[in-house]
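Let me begin by presenting the structure, written as structure tokens, before commenting on it.
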2 protein chains.
Amino acid sequence: MRPFTPQDFAVRRRRAAAQARTAGMAGILVAPGPDLAYFTGYTPTAVTERLTMLVIPAEGDPVVVVPLLERGDLVQATGGELESSAWNDGDDEYATAARLLAADGRYAVSDATWAMHVLGLQRTLTDATFVAFTDSLPMLRAVKDAEEISRLAAAGAAADAAYADVLGLTFSGRRERDVADDLGQLLRAHGHEHVDFTLVCAGENGADPHHEAGGRIITDGDMVVLDFGGLMWGYGSDTSRTVHVGDDFTGQEREVHDVVRAAQQAGVEAVRPGATCQDVDRAARAVITDAGYAEQFIHRTGHGIGTTTHEPPYMVEGEERLIEPGMCFSVEPGIYLPGQFGVRIEDIVVAFPPGSPDSALRLNTSPREVQVVA
Amino acid sequence: MRPFTPQDFAVRRRRAAAQARTAGMAGILVAPGPDLAYFTGYTPTAVTERLTMLVIPAEGDPVVVVPLLERGDLVQATGGELESSAWNDGDDEYATAARLLAADGRYAVSDATWAMHVLGLQRTLTDATFVAFTDSLPMLRAVKDAEEISRLAAAGAAADAAYADVLGLTFSGRRERDVADDLGQLLRAHGHEHVDFTLVCAGENGADPHHEAGGRIITDGDMVVLDFGGLMWGYGSDTSRTVHVGDDFTGQEREVHDVVRAAQQAGVEAVRPGATCQDVDRAARAVITDAGYAEQFIHRTGHGIGTTTHEPPYMVEGEERLIEPGMCFSVEPGIYLPGQFGVRIEDIVVAFPPGSPDSALRLNTSPREVQVVA
């Protein structure tokens with residue numbers, strides 16, 4: 001994978017400035033984390049109370065507000081490509097930032113900017129307005145270019161390889177967290193630099209969509225939801241499959257799995273030119289509703305993915321945005337039966353890539369039929 | 001170490017409510033992370049765009065706003081002690097939160113609350129006011145009780161034990177990051193559940209206070225700044241020492257190290273009844289200024305530590321707050337000579353603990369004399 005270059009980051013910043021202009025905004029304020037890495041390649045040692053913030057004005061050159069004692073790290077990471085404005089302990093960091101901003105400007109800020117910082121800016125620039133990226137420029141990072149898609153595809157393939165290996169493990173008699181540990185090691189072994197989550201939810205725990213993995217002993221006859229992901233080359237993986245321990249299924253287990261599988265297929269097939277994000281949710285949800293499980297599908301159908309695991313666009317009722325070529329997102333319907341079990345099937349897809357201009361391409365291709373484990 | 005109990009968390013919440021009342025605030029809004037863990041023991045699987053927020057009203061019972069699909073995790077972590085108000089994907093989560101808030105109330109919010117969330121609350125409750133903890137109730141977590149101090153002491157002792165082991169390693173000929181990896185493993189071996197940072201800054205890299213650890217080969221004659229810490233029993237360690245590779249010192253190396261050591265001692269001794277936080281900074285800085293290195297001490301002298309590595313109170317010019325019994329913070333002056341080397345010496349101290357009611361007790365007791373490594 002070729003590393004992103006200073007030119008790549010500059011292109012992204014120029015595109016962001018253009019989006020800000022189109023939206024009538026004065027600029028974009030970028031906090032440390034995935035957003036700052038996306039626009040500069042720079043990630044501070046730690047996200048702390050000390051203000052670091054990239055200012056991308058709608059017109060003019062970007063500048064990074066940086067603590068004096070971290071300026072060296074910034075220069076090293078960016079090759080000195082970016083202007084910086086340093087402040088020292090004891091200075092008013094918001095005054096330093098305010099000098100770069102229009103007094104009555106409207107600014108988009110990273111969703112995860114610390115409240116302390118945005119409140120500090122509001123206090124300093126009382127006539128300026130601040131709106132979160134997701135609420136003002138949700139498409140900032142939503143459309144991926146070829147280099148980004150190749151990273152997401154690599155991450156997806158690695159997650160699939162980890163899943164293939166997991167199927168060969170013994171589940172019965174082990175704790176959820178033991179299988180979760182194995183899953184984390186497999187993600188690393190297949191090239192992930194970071195493991196974000198390894199959910200292993202056996203039996204009744206599968207009915208809790210965000211159950212992690214605990215001390216419950218997995219036993220013969222359990223349905224087990226696996227949902228795992230992390231970062232590879234800086235981009236995320238996120239996939240779910242539901243397996244069965246032993247081949248002695250109940251009729252309901254088979255039925256629910258079939259419904260979720262059909263719903264997931266319908267969601268993926270709903271990614272067509274002219275479709276909106278909510279169409280994907282509606283298509284998947286309709287299958288589950290028709291089967292009588294509407295009340296048991298208790299979350300949205302999907303979320304964008306890139307340098308963060310969850311990001312716009314969201315596949316949810318009310319999201320009327322058109323799906324554009326290069327958007328990457330999850331399609332992950334589920335059915336959750338409290339006290340019994342759950343089923344979720346999740347793939348990351350890319351919309352209308354070269355080669356399939358009218359449909360979604362799955363970046364996870366593990367078998368979606370229910371697999372039997374030992 | 002006994003685990004914190006639901007009663008401990010309830011006591012903390014009641015104390016916070018009392019602080020809010022005293023400050024004329026309507027309540028406290030707590031985001032996932034160290035703040036939420038401090039007040040509830042609950043840490044969501046991941047901090048995401050989905051709003052989780054503990055509301056501690058000045059009067060009345062606390063309630064946790066939680067995504068529906070994570071309510072099970074909350075109940076499990078808190079033993080159902082806390083009321084919750086769940087919202088589902090597609091709902092307006094800020095409306096859910098707003099129903100728990102006073103329309104014209106003034107609220108303290110966790111510093112690290114996502115900007116998206118505080119801006120969403122501002123949009124929904126246009127007459128309410130939001131101020132960051134650090135700017136409104138900085139003392140919320142600053143005074144530690146005996147249970148907390150025992151955890152900080154254990155973390156400090158473990159960091160010291162890791163340092164003692166590090167002194168026996170070979171430095172010369174290895175990369176900074178190799179020593180950093182060893183340091184991380186030693187912190188874990190001595191009981192840390194999480195390693196936050198392991199800075200190894202050789203020679204000229206030591207002049208950058210936040211240099212991490214890179215590919216530079218450590219060589220004979222280098223001064224090497226070590227600064228490392230993590231979490232043990234949920235509480236932080238953070239200590240720095242500067243070592244020398246081989247015993248062939250320059251006069252300047254010895255002089256600068258002596259100055260920093262004297263400055264650190266002066267900072268610790270400035271912790272006396274009636275002293276303010278800025279007095280600690282002034283005492284340490286005076287020693288360095290008198291030695292002619294004022295311009296080379298480019299950061300504040302210290303920061304509070306607890307469930308986060310950096311938190312109020314800050315030992316910085318302008319912080320006129322009195323030091324109170326039970327405050328825990330770092331004393332870490334340094335001198336940074338660009339292109340040459342740096343020296344920093346850092347201990348965590350607790351102010352006026354039982355047994356030393358008029359002074360600071362160091363929680364790090366590694367020798368502060370410069371140590372020679374191989």
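Residues in the structure tokens are numbered from 1 in each chain, the chains being A, B, ... in the order shown, and ligands are numbered from 1 in the order shown.
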Neighbour list for B:Gly246 as a compact mmCIF listing (two decimals) with N, CA and C atoms, in the first residue's frame, cut-off 10 Å, only C-alpha atoms, skip fewer than 4 positions in-chain:
# COMPACT_ATOMS: atom_id res chain seq x y z
N PHE B 171 21.06 0.00 26.67
CA PHE B 171 20.53 1.10 25.86
C PHE B 171 21.36 1.27 24.58
N SER B 172 22.67 1.24 24.75
CA SER B 172 23.56 1.60 23.65
C SER B 172 23.41 0.63 22.48
N THR B 219 23.15 5.92 21.57
CA THR B 219 24.59 5.66 21.53
C THR B 219 25.27 6.12 22.82
N ASP B 220 26.46 5.63 23.01
CA ASP B 220 27.25 5.97 24.19
C ASP B 220 27.39 7.49 24.27
N GLY B 221 27.20 8.01 25.47
CA GLY B 221 27.31 9.45 25.66
C GLY B 221 25.99 10.18 25.60
N ASP B 222 24.90 9.49 25.19
CA ASP B 222 23.58 10.15 25.12
C ASP B 222 23.00 10.38 26.51
N MET B 223 22.39 11.54 26.69
CA MET B 223 21.41 11.70 27.75
C MET B 223 20.10 11.16 27.19
N GLN B 371 21.33 8.48 36.63
CA GLN B 371 21.82 7.10 36.64
C GLN B 371 22.54 6.80 35.33
N VAL B 372 23.57 6.00 35.45
CA VAL B 372 24.32 5.60 34.26
C VAL B 372 23.81 4.24 33.78
N VAL B 373 23.51 4.16 32.48
CA VAL B 373 23.07 2.88 31.91
C VAL B 373 24.09 2.43 30.86
N ALA B 374 23.94 1.18 30.48
CA ALA B 374 24.94 0.61 29.57
C ALA B 374 24.55 0.82 28.11
If you count only C-alpha atoms, which residues fall within 12 Å of B:Pro354, apart from same-chain ones fewer than 4 positions away, as a VMD selection string?
chain B and resid 145 to 146 149 325 to 326 350 358 to 361
Could you work out which residues of chain B fall inside 8 Å of chain A? Count only C-alpha atoms, and format the result as a ChimeraX atom specification.
/B:45,48-49,68-70,72-73,88-90,109-119,130-135,208-212,298-300,310-311,316-318
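Taking only C-alpha atoms, the non-local environment of A:Arg12 within 10 Å (same-chain residues fewer than 5 positions away omitted) comprises A:Pro6, A:Gln7, A:Ala17, A:Ala18, A:Tyr38, A:Phe39, A:Thr40, A:Leu140, A:Arg141.
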What are the DSSP helix (DSSP H, G or I) residues of stretch 269-351 of chain B, as a VMD selection string?
chain B and resid 269 277 to 290 294 to 296
Would you put the residues from that selection into a file with all heavy atoms, as a CSV table (one decimal), in the first residue's frame?
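After the write, again37.csv holds the following:
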chain,number,residue,atom,x,y,z
B,269,GLU,N,9.0,21.1,47.5
B,269,GLU,CA,9.0,21.8,48.8
B,269,GLU,C,8.1,23.0,48.9
B,269,GLU,O,7.7,23.4,50.0
B,269,GLU,CB,10.4,22.2,49.2
B,269,GLU,CG,11.3,21.0,49.5
B,269,GLU,CD,12.8,21.4,49.8
B,269,GLU,OE1,13.1,22.6,49.7
B,269,GLU,OE2,13.6,20.5,50.0
B,277,CYS,N,-1.3,26.8,43.5
B,277,CYS,CA,-0.7,25.9,42.5
B,277,CYS,C,0.4,26.7,41.8
B,277,CYS,O,1.4,26.1,41.4
B,277,CYS,CB,-1.8,25.5,41.5
B,277,CYS,SG,-3.1,24.4,42.2
B,278,GLN,N,0.2,28.0,41.5
B,278,GLN,CA,1.2,28.7,40.8
B,278,GLN,C,2.5,28.9,41.6
B,278,GLN,O,3.6,29.0,41.1
B,278,GLN,CB,0.7,30.1,40.3
B,278,GLN,CG,0.6,31.1,41.4
B,278,GLN,CD,0.1,32.5,40.8
B,278,GLN,OE1,-0.1,32.6,39.6
B,278,GLN,NE2,-0.1,33.4,41.6
B,279,ASP,N,2.4,28.8,42.9
B,279,ASP,CA,3.6,28.8,43.8
B,279,ASP,C,4.5,27.7,43.5
B,279,ASP,O,5.8,27.8,43.5
B,279,ASP,CB,3.2,28.8,45.3
B,279,ASP,CG,2.6,30.1,45.7
B,279,ASP,OD1,2.7,31.1,45.0
B,279,ASP,OD2,1.8,30.0,46.7
B,280,VAL,N,4.0,26.5,43.2
B,280,VAL,CA,4.8,25.3,42.8
B,280,VAL,C,5.5,25.6,41.5
B,280,VAL,O,6.7,25.4,41.4
B,280,VAL,CB,3.9,24.1,42.7
B,280,VAL,CG1,4.8,22.9,42.3
B,280,VAL,CG2,3.2,23.8,44.1
B,281,ASP,N,4.8,26.1,40.6
B,281,ASP,CA,5.4,26.5,39.3
B,281,ASP,C,6.5,27.5,39.5
B,281,ASP,O,7.6,27.4,39.0
B,281,ASP,CB,4.4,27.0,38.3
B,281,ASP,CG,5.0,27.2,36.9
B,281,ASP,OD1,5.2,26.3,36.2
B,281,ASP,OD2,5.2,28.4,36.6
B,282,ARG,N,6.2,28.5,40.3
B,282,ARG,CA,7.2,29.6,40.5
B,282,ARG,C,8.4,29.1,41.2
B,282,ARG,O,9.6,29.6,40.8
B,282,ARG,CB,6.5,30.7,41.3
B,282,ARG,CG,5.5,31.5,40.5
B,282,ARG,CD,4.8,32.6,41.4
B,282,ARG,NE,3.9,33.4,40.6
B,282,ARG,CZ,3.2,34.4,41.0
B,282,ARG,NH1,3.2,34.7,42.3
B,282,ARG,NH2,2.4,35.1,40.2
B,283,ALA,N,8.3,28.3,42.2
B,283,ALA,CA,9.4,27.8,42.9
B,283,ALA,C,10.4,27.0,42.0
B,283,ALA,O,11.6,27.2,42.1
B,283,ALA,CB,8.9,26.9,44.1
B,284,ALA,N,9.8,26.1,41.2
B,284,ALA,CA,10.6,25.3,40.3
B,284,ALA,C,11.3,26.2,39.3
B,284,ALA,O,12.5,26.1,39.0
B,284,ALA,CB,9.8,24.2,39.7
B,285,ARG,N,10.5,27.1,38.7
B,285,ARG,CA,10.9,28.0,37.6
B,285,ARG,C,12.1,28.9,38.1
B,285,ARG,O,13.0,29.2,37.3
B,285,ARG,CB,9.8,28.7,37.0
B,285,ARG,CG,10.0,29.3,35.6
B,285,ARG,CD,8.7,29.8,35.0
B,285,ARG,NE,7.7,28.7,34.9
B,285,ARG,CZ,7.7,27.9,33.8
B,285,ARG,NH1,8.5,28.0,32.9
B,285,ARG,NH2,6.8,26.9,33.8
B,286,ALA,N,12.0,29.4,39.4
B,286,ALA,CA,13.0,30.3,39.9
B,286,ALA,C,14.4,29.7,39.8
B,286,ALA,O,15.3,30.3,39.5
B,286,ALA,CB,12.6,30.7,41.3
B,287,VAL,N,14.4,28.4,40.2
B,287,VAL,CA,15.7,27.7,40.2
B,287,VAL,C,16.3,27.7,38.8
B,287,VAL,O,17.5,27.9,38.6
B,287,VAL,CB,15.6,26.3,40.8
B,287,VAL,CG1,16.9,25.5,40.7
B,287,VAL,CG2,15.1,26.4,42.3
B,288,ILE,N,15.5,27.4,37.9
B,288,ILE,CA,15.9,27.2,36.5
B,288,ILE,C,16.3,28.6,35.9
B,288,ILE,O,17.3,28.8,35.2
B,288,ILE,CB,14.8,26.5,35.7
B,288,ILE,CG1,14.8,25.0,36.1
B,288,ILE,CG2,15.1,26.7,34.2
B,288,ILE,CD1,13.7,24.2,35.4
B,289,THR,N,15.5,29.6,36.3
B,289,THR,CA,15.7,31.0,35.8
B,289,THR,C,17.1,31.5,36.4
B,289,THR,O,17.9,32.0,35.6
B,289,THR,CB,14.6,31.9,36.2
B,289,THR,OG1,13.4,31.4,35.6
B,289,THR,CG2,14.8,33.3,35.7
B,290,ASP,N,17.2,31.2,37.7
B,290,ASP,CA,18.5,31.7,38.3
B,290,ASP,C,19.7,31.1,37.7
B,290,ASP,O,20.8,31.7,37.6
B,290,ASP,CB,18.5,31.4,39.8
B,290,ASP,CG,17.5,32.2,40.6
B,290,ASP,OD1,17.0,33.2,40.0
B,290,ASP,OD2,17.2,31.9,41.8
B,294,ALA,N,15.9,30.0,31.8
B,294,ALA,CA,14.5,30.3,31.8
B,294,ALA,C,13.8,30.0,30.5
B,294,ALA,O,12.7,29.5,30.4
B,294,ALA,CB,14.3,31.8,32.1
B,295,GLU,N,14.5,30.4,29.4
B,295,GLU,CA,13.9,30.2,28.0
B,295,GLU,C,13.9,28.7,27.6
B,295,GLU,O,13.2,28.4,26.6
B,295,GLU,CB,14.7,31.0,27.0
B,295,GLU,CG,14.7,32.5,27.2
B,295,GLU,CD,13.3,33.1,27.1
B,295,GLU,OE1,12.6,32.7,26.1
B,295,GLU,OE2,12.9,33.8,28.0
B,296,GLN,N,14.6,27.9,28.4
B,296,GLN,CA,14.6,26.5,28.0
B,296,GLN,C,13.7,25.6,28.8
B,296,GLN,O,13.7,24.4,28.7
B,296,GLN,CB,16.1,25.9,28.1
B,296,GLN,CG,17.0,26.3,27.0
B,296,GLN,CD,17.4,27.8,27.0
B,296,GLN,OE1,17.8,28.3,28.1
B,296,GLN,NE2,17.3,28.5,25.9
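For B:His194, the residues within 8 Å (counting only C-alpha atoms, excluding itself and residues fewer than 5 positions away along the chain) are B:Arg188, B:Gly230, B:Leu231, B:Met232.
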Provide the atom CA of B:Arg241 to atom CA of B:Arg368 distance in Å, to one decimal place.
7.0 Å
Quick check, in Å to one decimal: how far apart do atom CA of A:Cys201 and atom CA of B:Glu81 lie?
24.2 Å
Could you pull out the strand (DSSP E) residues of stretch 103-342 of chain A from DSSP and send them as a count of residues only?
54
Report the distance between atom CA of B:Gly306 and atom CA of B:Ala154 in Å, rounded to one decimal place.
12.3 Å
Residues at most 10 Å from B:Arg177, counting only C-alpha atoms, excluding those fewer than 4 positions away in the same chain, as a compact mmCIF listing (two decimals) with N, CA and C atoms, in the first residue's frame?
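Now in selection-v2.txt:
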# COMPACT_ATOMS: atom_id res chain seq x y z
N ASP B 181 9.44 -0.30 24.08
CA ASP B 181 8.68 -1.55 24.15
C ASP B 181 8.98 -2.30 25.45
N ASP B 182 10.26 -2.34 25.81
CA ASP B 182 10.64 -2.99 27.08
C ASP B 182 9.94 -2.31 28.25
N LEU B 183 9.95 -1.00 28.21
CA LEU B 183 9.34 -0.23 29.30
C LEU B 183 7.85 -0.55 29.42
N THR B 198 5.20 5.68 26.70
CA THR B 198 6.56 5.28 27.08
C THR B 198 7.48 6.10 26.19
N LEU B 199 7.81 7.31 26.67
CA LEU B 199 8.67 8.19 25.90
C LEU B 199 10.13 7.85 26.18
N VAL B 200 10.87 7.66 25.12
CA VAL B 200 12.31 7.42 25.22
C VAL B 200 12.96 8.39 24.24
N CYS B 201 13.66 9.40 24.77
CA CYS B 201 14.09 10.53 23.95
C CYS B 201 15.60 10.69 24.11
N GLU B 212 8.21 11.03 21.22
CA GLU B 212 7.80 9.71 21.72
C GLU B 212 9.00 8.77 21.81
N ALA B 213 9.18 8.00 20.82
CA ALA B 213 10.30 7.05 20.75
C ALA B 213 10.31 6.61 19.31
N GLY B 214 11.44 6.70 18.67
CA GLY B 214 11.49 6.39 17.25
C GLY B 214 12.63 5.49 16.90
N GLY B 215 13.10 5.63 15.68
CA GLY B 215 14.11 4.73 15.15
C GLY B 215 15.53 5.15 15.49
N ARG B 216 15.69 6.26 16.20
CA ARG B 216 17.04 6.72 16.49
C ARG B 216 17.78 5.68 17.34
N ILE B 217 19.01 5.40 16.93
CA ILE B 217 19.83 4.46 17.68
C ILE B 217 20.45 5.21 18.86
N ILE B 218 20.27 4.66 20.05
CA ILE B 218 20.85 5.25 21.25
C ILE B 218 22.34 4.92 21.26
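Take the candidates B:Thr78, B:Thr52, B:Thr124, B:Gln19 and check each one against B:Gly33 using only C-alpha atoms; the shortest distance goes to B:Thr52.
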Got a sec: who's within 10 Å of stretch 157-170 of chain B, counting only C-alpha atoms, leaving out chain neighbours fewer than 4 positions off, as a CSV table (one decimal) with N, CA, C and O atoms, in the first residue's frame?
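Final output, saved to part-v5.csv:
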chain,number,residue,atom,x,y,z
B,151,ARG,N,-4.5,3.7,45.3
B,151,ARG,CA,-4.3,3.3,43.9
B,151,ARG,C,-3.2,4.1,43.2
B,151,ARG,O,-2.4,3.5,42.5
B,152,LEU,N,-3.2,5.4,43.4
B,152,LEU,CA,-2.2,6.2,42.8
B,152,LEU,C,-0.8,5.8,43.4
B,152,LEU,O,0.2,5.8,42.6
B,153,ALA,N,-0.7,5.5,44.7
B,153,ALA,CA,0.5,5.0,45.3
B,153,ALA,C,1.0,3.7,44.7
B,153,ALA,O,2.2,3.5,44.4
B,174,ARG,N,20.7,0.2,20.7
B,174,ARG,CA,19.3,-0.1,20.4
B,174,ARG,C,18.5,1.1,20.0
B,174,ARG,O,18.9,2.2,20.3
B,179,VAL,N,13.6,0.2,23.5
B,179,VAL,CA,13.6,0.5,25.0
B,179,VAL,C,12.2,0.8,25.4
B,179,VAL,O,11.7,0.4,26.5
B,180,ALA,N,11.5,1.6,24.6
B,180,ALA,CA,10.1,1.9,24.9
B,180,ALA,C,9.2,0.6,25.0
B,180,ALA,O,8.4,0.5,25.9
B,182,ASP,N,10.3,-2.3,25.8
B,182,ASP,CA,10.6,-3.0,27.1
B,182,ASP,C,9.9,-2.3,28.3
B,182,ASP,O,9.4,-3.0,29.2
B,183,LEU,N,9.9,-1.0,28.2
B,183,LEU,CA,9.3,-0.2,29.3
B,183,LEU,C,7.8,-0.6,29.4
B,183,LEU,O,7.3,-0.7,30.5
B,184,GLY,N,7.2,-0.6,28.3
B,184,GLY,CA,5.8,-1.0,28.3
B,184,GLY,C,5.5,-2.4,28.9
B,184,GLY,O,4.6,-2.6,29.7
B,185,GLN,N,6.4,-3.3,28.5
B,185,GLN,CA,6.2,-4.7,29.1
B,185,GLN,C,6.5,-4.7,30.6
B,185,GLN,O,5.8,-5.4,31.3
B,186,LEU,N,7.5,-3.9,31.0
B,186,LEU,CA,7.8,-3.8,32.4
B,186,LEU,C,6.6,-3.2,33.2
B,186,LEU,O,6.3,-3.7,34.3
B,187,LEU,N,6.0,-2.2,32.7
B,187,LEU,CA,4.8,-1.6,33.4
B,187,LEU,C,3.8,-2.6,33.5
B,187,LEU,O,3.2,-2.8,34.6
B,188,ARG,N,3.5,-3.4,32.5
B,188,ARG,CA,2.5,-4.5,32.6
B,188,ARG,C,2.9,-5.5,33.6
B,188,ARG,O,2.1,-6.0,34.4
B,189,ALA,N,4.2,-5.9,33.5
B,189,ALA,CA,4.7,-7.0,34.4
B,189,ALA,C,4.6,-6.5,35.9
B,189,ALA,O,4.4,-7.4,36.8
B,190,HIS,N,4.6,-5.2,36.1
B,190,HIS,CA,4.5,-4.7,37.5
B,190,HIS,C,3.1,-4.3,37.8
B,190,HIS,O,2.8,-3.6,38.8
B,191,GLY,N,2.1,-4.8,37.0
B,191,GLY,CA,0.7,-4.7,37.4
B,191,GLY,C,-0.1,-3.6,36.7
B,191,GLY,O,-1.3,-3.5,37.0
B,192,HIS,N,0.5,-2.9,35.8
B,192,HIS,CA,-0.4,-1.9,35.0
B,192,HIS,C,-1.3,-2.7,34.1
B,192,HIS,O,-0.9,-3.6,33.4
B,218,ILE,N,20.3,4.7,20.1
B,218,ILE,CA,20.9,5.3,21.3
B,218,ILE,C,22.3,4.9,21.3
B,218,ILE,O,22.7,3.8,21.0
B,226,LEU,N,13.4,9.6,29.9
B,226,LEU,CA,12.4,8.5,30.0
B,226,LEU,C,11.1,9.1,30.7
B,226,LEU,O,11.3,9.7,31.8
B,227,ASP,N,10.0,9.0,30.1
B,227,ASP,CA,8.7,9.5,30.7
B,227,ASP,C,7.7,8.5,30.4
B,227,ASP,O,7.4,8.3,29.2
B,228,PHE,N,7.1,7.9,31.4
B,228,PHE,CA,6.2,6.8,31.1
B,228,PHE,C,5.1,6.7,32.2
B,228,PHE,O,5.2,7.2,33.3
B,229,GLY,N,4.0,6.0,31.7
B,229,GLY,CA,2.9,5.9,32.7
B,229,GLY,C,1.8,5.1,32.0
B,229,GLY,O,1.8,4.8,30.9
B,230,GLY,N,0.8,4.8,32.9
B,230,GLY,CA,-0.4,4.1,32.4
B,230,GLY,C,-1.4,4.0,33.6
B,230,GLY,O,-1.3,4.8,34.5
B,232,MET,N,-3.3,1.7,36.7
B,232,MET,CA,-3.3,0.5,37.5
B,232,MET,C,-4.5,0.7,38.5
B,232,MET,O,-4.6,1.7,39.1
B,236,GLY,N,-3.8,6.6,37.5
B,236,GLY,CA,-2.6,6.8,36.6
B,236,GLY,C,-1.3,6.8,37.3
B,236,GLY,O,-1.2,7.2,38.5
B,237,SER,N,-0.3,6.4,36.5
B,237,SER,CA,1.1,6.7,36.9
B,237,SER,C,1.7,7.6,35.9
B,237,SER,O,1.2,7.7,34.7
B,238,ASP,N,2.7,8.4,36.2
B,238,ASP,CA,3.4,9.3,35.3
B,238,ASP,C,4.7,9.7,36.0
B,238,ASP,O,4.6,10.5,36.9
B,239,THR,N,5.8,9.3,35.5
B,239,THR,CA,7.1,9.6,36.1
B,239,THR,C,8.1,9.8,35.0
B,239,THR,O,8.0,9.2,34.0
B,240,SER,N,9.1,10.6,35.3
B,240,SER,CA,10.2,10.9,34.3
B,240,SER,C,11.5,10.8,35.1
B,240,SER,O,11.6,11.3,36.2
B,241,ARG,N,12.5,10.3,34.4
B,241,ARG,CA,13.9,10.3,34.9
B,241,ARG,C,14.8,10.5,33.6
B,241,ARG,O,14.4,10.1,32.5
B,243,VAL,N,18.5,9.6,32.2
B,243,VAL,CA,19.7,8.7,32.4
B,243,VAL,C,20.8,9.1,31.4
B,243,VAL,O,20.5,9.8,30.4
B,245,VAL,N,24.0,7.4,29.0
B,245,VAL,CA,24.6,6.1,28.5
B,245,VAL,C,26.1,6.2,28.7
B,245,VAL,O,26.7,7.0,28.1
B,347,ASP,N,8.0,13.5,39.5
B,347,ASP,CA,7.3,12.7,40.5
B,347,ASP,C,5.9,13.1,40.6
B,347,ASP,O,5.5,14.3,40.5
B,363,LEU,N,4.9,10.1,45.5
B,363,LEU,CA,4.5,8.7,45.2
B,363,LEU,C,5.5,8.0,44.3
B,363,LEU,O,5.3,6.8,44.0
B,364,ASN,N,6.5,8.8,43.8
B,364,ASN,CA,7.6,8.2,43.1
B,364,ASN,C,8.9,8.4,43.9
B,364,ASN,O,9.1,9.6,44.3
B,365,THR,N,9.6,7.4,44.2
B,365,THR,CA,10.8,7.5,45.0
B,365,THR,C,12.0,6.9,44.4
B,365,THR,O,13.0,6.7,45.0
B,366,SER,N,12.0,6.8,43.1
B,366,SER,CA,13.2,6.3,42.4
B,366,SER,C,14.3,7.4,42.6
B,366,SER,O,14.0,8.6,42.7
B,367,PRO,N,15.5,7.0,42.6
B,367,PRO,CA,16.6,8.0,42.8
B,367,PRO,C,16.5,9.1,41.7
B,367,PRO,O,16.3,8.8,40.6
B,371,GLN,N,21.3,8.5,36.6
B,371,GLN,CA,21.8,7.1,36.6
B,371,GLN,C,22.5,6.8,35.3
B,371,GLN,O,22.1,7.3,34.3
B,372,VAL,N,23.6,6.0,35.4
B,372,VAL,CA,24.3,5.6,34.3
B,372,VAL,C,23.8,4.2,33.8
B,372,VAL,O,23.6,3.3,34.6
B,373,VAL,N,23.5,4.2,32.5
B,373,VAL,CA,23.1,2.9,31.9
B,373,VAL,C,24.1,2.4,30.9
B,373,VAL,O,24.9,3.2,30.4
B,374,ALA,N,23.9,1.2,30.5
B,374,ALA,CA,24.9,0.6,29.6
B,374,ALA,C,24.5,0.8,28.1
B,374,ALA,O,23.4,0.9,27.8
